[in-house]
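Student: Enclosed is the structure file data_5.cif (mmCIF, C-alpha atoms).
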data_query
#
loop_
_atom_site.label_atom_id
_atom_site.label_comp_id
_atom_site.auth_asym_id
_atom_site.auth_seq_id
_atom_site.Cartn_x
_atom_site.Cartn_y
_atom_site.Cartn_z
CA HIS B 171 152.69 161.02 83.20
CA VAL B 172 154.00 161.25 79.63
CA ARG B 173 154.52 157.96 77.83
CA SER B 174 157.72 158.75 75.89
CA ARG B 175 159.88 161.53 74.56
CA ARG B 176 158.25 161.24 71.12
CA GLN B 177 154.70 160.88 72.36
CA ARG B 178 153.99 164.09 74.27
CA GLN B 179 150.31 163.45 74.89
CA MET B 180 149.58 163.24 78.60
CA CYS B 181 147.80 160.10 79.79
CA ILE B 182 144.74 161.93 81.08
CA ARG B 183 142.53 158.92 80.30
CA ASP B 184 144.45 156.62 82.64
CA ARG B 185 142.43 155.70 85.71
CA PHE B 186 143.36 155.55 89.38
CA GLN B 187 140.86 153.89 91.70
CA GLY B 188 138.37 153.99 88.83
CA VAL B 189 138.68 157.73 88.17
CA SER B 190 140.53 159.59 85.40
CA LEU B 191 140.86 163.33 84.93
CA ASN B 192 138.84 163.23 81.71
CA SER B 193 136.01 161.35 83.43
CA VAL B 194 135.33 164.32 85.74
CA LEU B 195 135.91 167.16 83.25
CA LEU B 196 133.23 168.86 81.16
CA THR B 197 134.08 168.83 77.47
CA GLY B 198 132.40 172.16 76.77
CA PRO B 199 130.35 172.94 73.67
CA ASN B 200 131.25 171.34 70.35
CA LEU B 201 132.62 174.30 68.37
CA THR B 202 134.23 172.21 65.63
CA ASN B 203 132.93 173.00 62.16
CA ASN B 204 131.28 170.37 59.99
CA LEU B 205 134.04 168.75 57.93
CA VAL B 206 131.94 168.37 54.79
CA GLY B 207 130.98 172.05 54.90
CA VAL B 208 134.62 173.12 55.22
CA LEU B 209 135.65 170.89 52.30
CA LEU B 210 132.79 172.06 50.06
CA ARG B 211 133.73 175.72 50.57
CA PHE B 212 137.34 174.73 49.92
CA ARG B 213 136.27 173.54 46.43
CA LYS B 214 134.04 176.53 45.67
CA ASP B 215 136.36 179.11 44.06
CA ALA B 216 139.39 179.02 41.75
CA VAL B 217 142.16 179.75 44.27
CA ALA B 218 142.28 177.29 47.15
CA ILE B 219 144.39 177.82 50.25
CA SER B 220 145.23 175.84 53.36
CA ALA B 221 147.06 176.81 56.55
CA ASP B 222 147.62 175.60 60.09
CA ILE B 223 147.73 177.03 63.60
CA GLU B 224 151.10 176.28 65.19
CA GLN B 225 150.64 174.15 68.33
CA MET B 226 147.09 175.39 68.75
CA PHE B 227 146.33 173.88 72.16
CA TYR B 228 149.58 175.19 73.62
CA SER B 229 148.61 178.72 72.54
CA PHE B 230 146.09 178.93 75.39
CA LEU B 231 147.09 178.94 79.05
CA VAL B 232 145.40 177.06 81.86
CA ASN B 233 144.19 179.08 84.86
CA VAL B 234 146.87 179.12 87.54
CA ASP B 235 144.57 177.54 90.13
CA HIS B 236 143.84 174.62 87.76
CA ARG B 237 147.43 173.72 86.85
CA ASP B 238 147.94 171.31 89.75
CA TYR B 239 145.44 169.00 88.06
CA LEU B 240 147.88 168.71 85.14
CA ARG B 241 150.88 167.53 87.11
CA PHE B 242 153.06 164.80 85.66
CA LEU B 243 156.40 163.08 86.24
CA TRP B 244 159.27 163.52 83.80
CA TYR B 245 163.05 163.42 83.77
CA LYS B 246 164.86 166.44 85.19
CA ASP B 247 166.18 168.71 82.41
CA ASN B 248 164.57 166.31 79.90
CA ASP B 249 167.48 163.89 80.40
CA PRO B 250 166.50 160.19 80.83
CA ASP B 251 169.64 159.67 82.93
CA ASN B 252 168.32 162.06 85.59
CA GLU B 253 165.73 161.36 88.27
CA LEU B 254 162.00 161.80 87.77
CA ILE B 255 160.63 165.06 89.12
CA GLU B 256 157.20 166.65 89.20
CA TYR B 257 156.13 169.12 86.53
CA ARG B 258 152.79 170.72 85.71
CA MET B 259 151.39 171.93 82.42
CA CYS B 260 150.72 175.65 82.06
CA ALA B 261 148.93 175.31 78.72
CA HIS B 262 146.10 173.13 77.46
CA VAL B 263 147.25 169.73 76.27
CA PHE B 264 146.33 167.07 73.73
CA GLY B 265 144.16 164.35 75.22
CA ASN B 266 142.43 166.69 77.68
CA SER B 267 138.71 166.51 76.81
CA PRO B 268 137.99 170.27 77.17
CA SER B 269 141.05 171.33 75.10
CA PRO B 270 139.37 171.39 71.65
CA SER B 271 136.49 173.51 72.91
CA VAL B 272 138.75 175.87 74.88
CA ALA B 273 141.20 176.32 72.00
CA THR B 274 138.49 176.87 69.39
CA PHE B 275 136.72 179.40 71.62
CA GLY B 276 140.02 181.23 72.16
CA LEU B 277 140.75 181.22 68.44
CA HIS B 278 137.33 182.72 67.66
CA LYS B 279 137.69 185.31 70.41
CA SER B 280 141.03 186.48 69.01
CA THR B 281 139.32 187.67 65.80
CA ARG B 282 136.40 189.51 67.38
CA ASN B 283 136.11 193.14 66.25
CA SER B 284 138.14 192.25 63.13
CA ASP B 285 137.12 192.54 59.48
CA GLU B 286 134.08 190.48 58.59
CA ASP B 287 135.93 188.27 56.10
CA ILE B 288 138.56 187.39 58.73
CA VAL B 289 135.86 186.48 61.26
CA ASN B 290 134.07 184.30 58.69
CA PHE B 291 137.34 182.65 57.69
CA VAL B 292 138.32 181.74 61.25
CA GLU B 293 134.85 180.79 62.48
CA LYS B 294 133.63 178.85 59.43
CA ASP B 295 136.65 177.59 57.47
CA PHE B 296 138.75 176.02 60.23
CA TYR B 297 138.54 172.39 61.27
CA VAL B 298 140.19 172.56 64.71
CA ASP B 299 143.67 173.91 63.77
CA ASP B 300 143.49 173.36 59.99
CA ALA B 301 142.23 176.14 57.73
CA LEU B 302 140.90 175.45 54.24
CA THR B 303 139.03 177.86 52.03
CA SER B 304 138.94 179.26 48.50
CA VAL B 305 138.59 182.70 46.94
CA PRO B 306 138.25 183.98 43.37
CA THR B 307 141.78 185.45 42.94
CA ALA B 308 145.32 185.00 44.23
CA SER B 309 145.49 188.60 45.44
CA GLN B 310 142.41 188.06 47.58
CA ALA B 311 143.95 184.91 49.06
CA VAL B 312 147.20 186.69 49.95
CA ASP B 313 145.35 189.63 51.46
CA LEU B 314 143.07 187.43 53.57
CA LEU B 315 145.93 185.28 54.88
CA LYS B 316 148.21 188.21 55.72
CA ARG B 317 145.50 190.13 57.55
CA THR B 318 144.46 187.00 59.44
CA GLN B 319 148.07 186.34 60.43
CA THR B 320 148.36 189.89 61.80
CA VAL B 321 145.11 189.71 63.77
CA LEU B 322 145.92 186.34 65.32
CA LYS B 323 149.45 187.41 66.21
CA ASN B 324 148.40 190.74 67.74
CA ASN B 325 145.35 189.50 69.64
CA GLY B 326 146.46 186.08 70.80
CA ASN B 327 150.13 185.52 69.91
CA ILE B 328 148.85 182.79 67.58
CA LYS B 329 150.87 181.83 64.51
CA LEU B 330 149.17 180.89 61.24
CA HIS B 331 151.66 179.03 59.06
CA LYS B 332 152.14 175.95 56.80
CA ILE B 333 150.48 177.82 53.96
CA ALA B 334 149.79 175.96 50.71
CA SER B 335 147.83 176.82 47.59
CA ASN B 336 147.13 175.65 44.07
CA HIS B 337 148.34 179.09 42.88
CA THR B 338 152.08 179.84 43.03
CA ASP B 339 151.54 183.60 43.39
CA VAL B 340 149.94 182.97 46.78
CA MET B 341 152.88 180.99 48.14
CA ALA B 342 155.43 183.36 46.61
CA ALA B 343 153.97 186.19 48.72
CA PHE B 344 155.07 184.53 51.99
CA SER B 345 158.41 183.74 53.57
CA LYS B 346 159.74 180.19 53.50
CA GLU B 347 159.05 179.72 57.21
CA ASP B 348 155.35 180.41 56.64
CA LEU B 349 155.00 177.76 53.93
CA SER B 350 154.16 174.09 54.30
CA LYS B 351 157.24 171.92 54.78
CA GLU B 352 157.02 170.17 51.38
CA ILE B 353 156.96 173.57 49.63
CA LYS B 354 159.78 175.37 51.45
CA LEU B 355 162.58 173.93 49.31
CA LEU B 356 160.81 174.29 45.96
CA ASP B 357 161.56 176.76 43.22
CA LEU B 358 157.99 177.92 42.65
CA GLU B 359 158.80 179.11 39.14
CA LYS B 360 160.28 175.81 37.95
CA ASP B 361 159.39 172.89 40.19
CA LEU B 362 156.21 170.88 39.98
CA LEU B 363 153.98 171.50 42.96
CA PRO B 364 153.75 168.48 45.30
CA ILE B 365 150.86 166.57 46.86
CA HIS B 366 149.86 168.27 50.09
CA GLN B 367 148.30 166.39 53.02
CA SER B 368 145.46 168.12 54.87
CA LEU B 369 142.65 166.73 57.01
CA GLY B 370 143.57 163.21 55.97
CA LEU B 371 143.23 164.01 52.25
CA SER B 372 145.91 164.13 49.54
CA TRP B 373 145.60 167.38 47.57
CA ASP B 374 147.63 167.64 44.35
CA LEU B 375 148.55 171.32 44.21
CA SER B 376 149.64 171.20 40.57
CA THR B 377 146.32 169.87 39.25
CA ASP B 378 144.06 171.02 42.13
CA ASN B 379 142.67 167.52 42.50
CA PHE B 380 142.24 165.15 45.42
CA VAL B 381 144.31 161.99 44.98
CA PHE B 382 143.57 158.54 46.40
CA HIS B 383 146.28 155.92 46.80
CA VAL B 384 145.47 152.25 47.32
CA ASP B 385 148.26 149.67 47.57
CA PHE B 386 146.62 146.52 46.22
CA ALA B 387 149.84 144.53 46.56
CA LYS B 388 149.75 144.73 50.38
CA LYS B 389 146.16 143.53 50.67
CA PRO B 390 145.49 139.77 50.59
CA ASN B 391 142.81 138.42 48.26
CA THR B 392 140.48 137.59 51.10
CA ARG B 393 137.26 138.96 52.56
CA ARG B 394 139.24 140.65 55.33
CA GLY B 395 141.72 142.09 52.80
CA CYS B 396 138.89 143.50 50.69
CA LEU B 397 137.27 145.07 53.74
CA SER B 398 140.60 146.55 54.87
CA MET B 399 141.22 148.07 51.44
CA LEU B 400 137.77 149.70 51.31
CA HIS B 401 138.17 151.16 54.80
CA SER B 402 141.62 152.56 53.90
CA ILE B 403 140.09 154.97 51.37
CA TYR B 404 139.25 158.17 53.22
CA ASP B 405 136.78 160.08 51.08
CA PRO B 406 134.40 162.32 53.11
CA LEU B 407 133.02 164.01 49.96
CA GLY B 408 132.43 160.78 48.05
CA PHE B 409 134.59 161.63 45.02
CA ALA B 410 135.77 158.02 44.75
CA GLY B 411 132.27 156.63 45.29
CA PRO B 412 131.70 155.45 41.68
CA LEU B 413 134.87 153.34 41.93
CA VAL B 414 134.59 152.21 45.53
CA ILE B 415 131.07 150.90 44.92
CA ASN B 416 132.55 148.14 42.75
CA GLY B 417 134.66 146.97 45.67
CA LYS B 418 131.63 147.06 47.96
CA VAL B 419 129.72 144.87 45.51
CA ILE B 420 132.59 142.38 45.45
CA LEU B 421 132.66 142.37 49.25
CA ARG B 422 128.92 141.72 49.37
CA GLU B 423 129.28 138.80 46.96
CA ILE B 424 132.13 137.33 49.02
CA THR B 425 130.12 137.72 52.23
CA ALA B 426 127.15 135.98 50.62
CA LEU B 427 129.30 132.85 50.23
CA TYR B 428 129.57 132.53 54.01
CA ASP B 429 126.91 130.61 55.89
CA LEU B 430 126.69 132.85 58.97
CA SER B 431 124.58 130.26 60.79
CA LEU B 432 127.67 128.04 61.00
CA ILE B 433 129.76 130.75 62.68
CA HIS B 434 129.71 130.39 66.47
CA ILE B 435 129.14 133.67 68.34
CA SER B 436 129.73 133.60 72.07
CA GLU B 437 127.07 134.91 74.39
CA PRO B 438 129.08 137.99 75.57
CA THR B 439 129.56 138.97 71.93
CA ARG B 440 125.84 138.66 71.25
CA LEU B 441 125.06 140.91 74.19
CA GLY B 442 127.54 143.49 72.95
CA MET B 443 126.12 143.63 69.42
#
Is it possible to give me this structure as structure tokens?
Tutor:
Amino acid sequence: HVRSRRQRQMCIRDRFQGVSLNSVLLTGPNLTNNLVGVLLRFRKDAVAISADIEQMFYSFLVNVDHRDYLRFLWYKDNDPDNELIEYRMCAHVFGNSPSPSVATFGLHKSTRNSDEDIVNFVEKDFYVDDALTSVPTASQAVDLLKRTQTVLKNNGNIKLHKIASNHTDVMAAFSKEDLSKEIKLLDLEKDLLPIHQSLGLSWDLSTDNFVFHVDFAKKPNTRRGCLSMLHSIYDPLGFAGPLVINGKVILREITALYDLSLIHISEPTRLGM
């Protein structure tokens, strides 16, 4: 079943008589690129670009004889006032353990027999459905993105959109519908470029820097508050390391004030440690 109108992920992890669909499915090979490698190549050259595959999992159909395993109950005609009826998914869905492997394999297959730079872009510079890379010039970025869009559309009916770049000439070469949502309404010749969110990071397009926001006012001055603040900083490349280390030192000093021998730990907790 589907939990709500907003949350479209199917509850494939839910168990019935101790068995869930995910518990009996093979996940397939891990084809997801290393995140650090993608981000390092993204910072390599002067012109950085990012893009996104529109509804990537839904771009790949499930075999007809497998669709009965993806049945679910939902309101007739998508109207909560109507009765529940049985549907089945025809495409791969979020929450299904094989979906990332299937979708990534399909994405790679759609670029086979294409230009070498397109193949390298799709196979090495995507993290699931997010593309990030960099090239020396804006013209190279536009050319790579446009040719990749054409190949994906022709070979798999896959749409590459939500394009963003630190260079306005790149974004000006595409229609508004192909641009990231925070860029669509901008006047690229006058307006300051915004902060773009990608892979959990905040990328300031105008300065080509990663930005980290920490709201100190919402964190209490306690050991737990300090720990929560440190964990809220997502920094896979370690750019904020020289600053975060100070917080880690403070946390260590606070922790040292606790006499852990006085803290009672139940036996089940000890066994789970």
Student: Any chance you could work out the residue set of the PyMOL selection byres ((chain B and resi 424) around 12) here, as a PyMOL selection string?
Tutor: chain B and resi 391-397+417-423+425-429
Student: Store the residues picked out above, limited to C-alpha atoms, as a short mmCIF file (atom, residue, chain, number, x, y, z; two decimals), keeping the file's coordinate frame.
Tutor:
data_model
loop_
_atom_site.label_atom_id
_atom_site.label_comp_id
_atom_site.auth_asym_id
_atom_site.auth_seq_id
_atom_site.Cartn_x
_atom_site.Cartn_y
_atom_site.Cartn_z
CA ASN B 391 142.81 138.42 48.26
CA THR B 392 140.48 137.59 51.10
CA ARG B 393 137.26 138.96 52.56
CA ARG B 394 139.24 140.65 55.33
CA GLY B 395 141.72 142.09 52.80
CA CYS B 396 138.89 143.50 50.69
CA LEU B 397 137.27 145.07 53.74
CA GLY B 417 134.66 146.97 45.67
CA LYS B 418 131.63 147.06 47.96
CA VAL B 419 129.72 144.87 45.51
CA ILE B 420 132.59 142.38 45.45
CA LEU B 421 132.66 142.37 49.25
CA ARG B 422 128.92 141.72 49.37
CA GLU B 423 129.28 138.80 46.96
CA THR B 425 130.12 137.72 52.23
CA ALA B 426 127.15 135.98 50.62
CA LEU B 427 129.30 132.85 50.23
CA TYR B 428 129.57 132.53 54.01
CA ASP B 429 126.91 130.61 55.89
#
Student: Taking the file as shown, what set of residues would the PyMOL selection byres ((chain B and resi 271-286) around 12) give back, as a ChimeraX atom specification?
Tutor: /B:196-203,223-233,261-264,266-270,287-301,313-314,317-330
Student: Can you work out which one of B:Tyr239, B:Ser335, B:Lys389, B:Ser220 has the shortest atom-to-atom distance to His401 in chain B, counting all atoms listed in the file?
Tutor: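 When distances to His401 in chain B are compared using all atoms listed in the file, the smallest one comes from B:Lys389.
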Student: I'd like the residues picked by the PyMOL selection byres ((chain B and resi 346) around 12) written out as a PyMOL selection string, using the chain letters and numbers from the file.
Tutor: chain B and resi 331-334+341-345+347-358
Student: At a cut-off of 9 Å around the point (145.3, 150.3, 46.6) (file coordinates), what residues fall inside when counting all atoms listed in the file? I'd like the answer as a compact mmCIF listing (two decimals) with C-alpha atoms, keeping the file's coordinate frame.
Tutor:
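Saved result, part_34.txt, follows:
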# COMPACT_ATOMS: atom_id res chain seq x y z
CA PHE B 382 143.57 158.54 46.40
CA HIS B 383 146.28 155.92 46.80
CA VAL B 384 145.47 152.25 47.32
CA ASP B 385 148.26 149.67 47.57
CA PHE B 386 146.62 146.52 46.22
CA ALA B 387 149.84 144.53 46.56
CA LYS B 388 149.75 144.73 50.38
CA LYS B 389 146.16 143.53 50.67
CA MET B 399 141.22 148.07 51.44
CA LEU B 400 137.77 149.70 51.31
CA SER B 402 141.62 152.56 53.90
CA ILE B 403 140.09 154.97 51.37
Student: Nearest to Arg213 in chain B among B:Leu302, B:Leu375, B:Val414, B:Ala308, with distances taken over all atoms listed in the file: which residue is it?
Tutor: B:Leu302
Student: May I ask for the distance between CA of Lys360 in chain B and CA of Thr377 in chain B, given in Å to one decimal place?
Tutor: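 Distance reported for this atom pair: 15.2 Å.
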Student: Do you know which residues are at most 8 Å from Tyr257 in chain B counting all atoms listed in the file, after dropping those on the same chain fewer than 6 positions away, and could you put them as a ChimeraX atom specification?
Tutor: /B:241-244
Student: Kindly indicate which residue among B:Leu254, B:Val217, B:Leu191, B:Val340 lies nearest to Val312 in chain B, using all atoms listed in the file for the distances.
Tutor: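 Of B:Leu254, B:Val217, B:Leu191, B:Val340, the one nearest Val312 in chain B is B:Val340, counting all atoms listed in the file.
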Student: Have a look at B:Asp222, B:Asp235, B:Asp378, B:Asp215 and name the one nearest to Ile365 in chain B; count all atoms listed in the file.
Tutor: B:Asp378
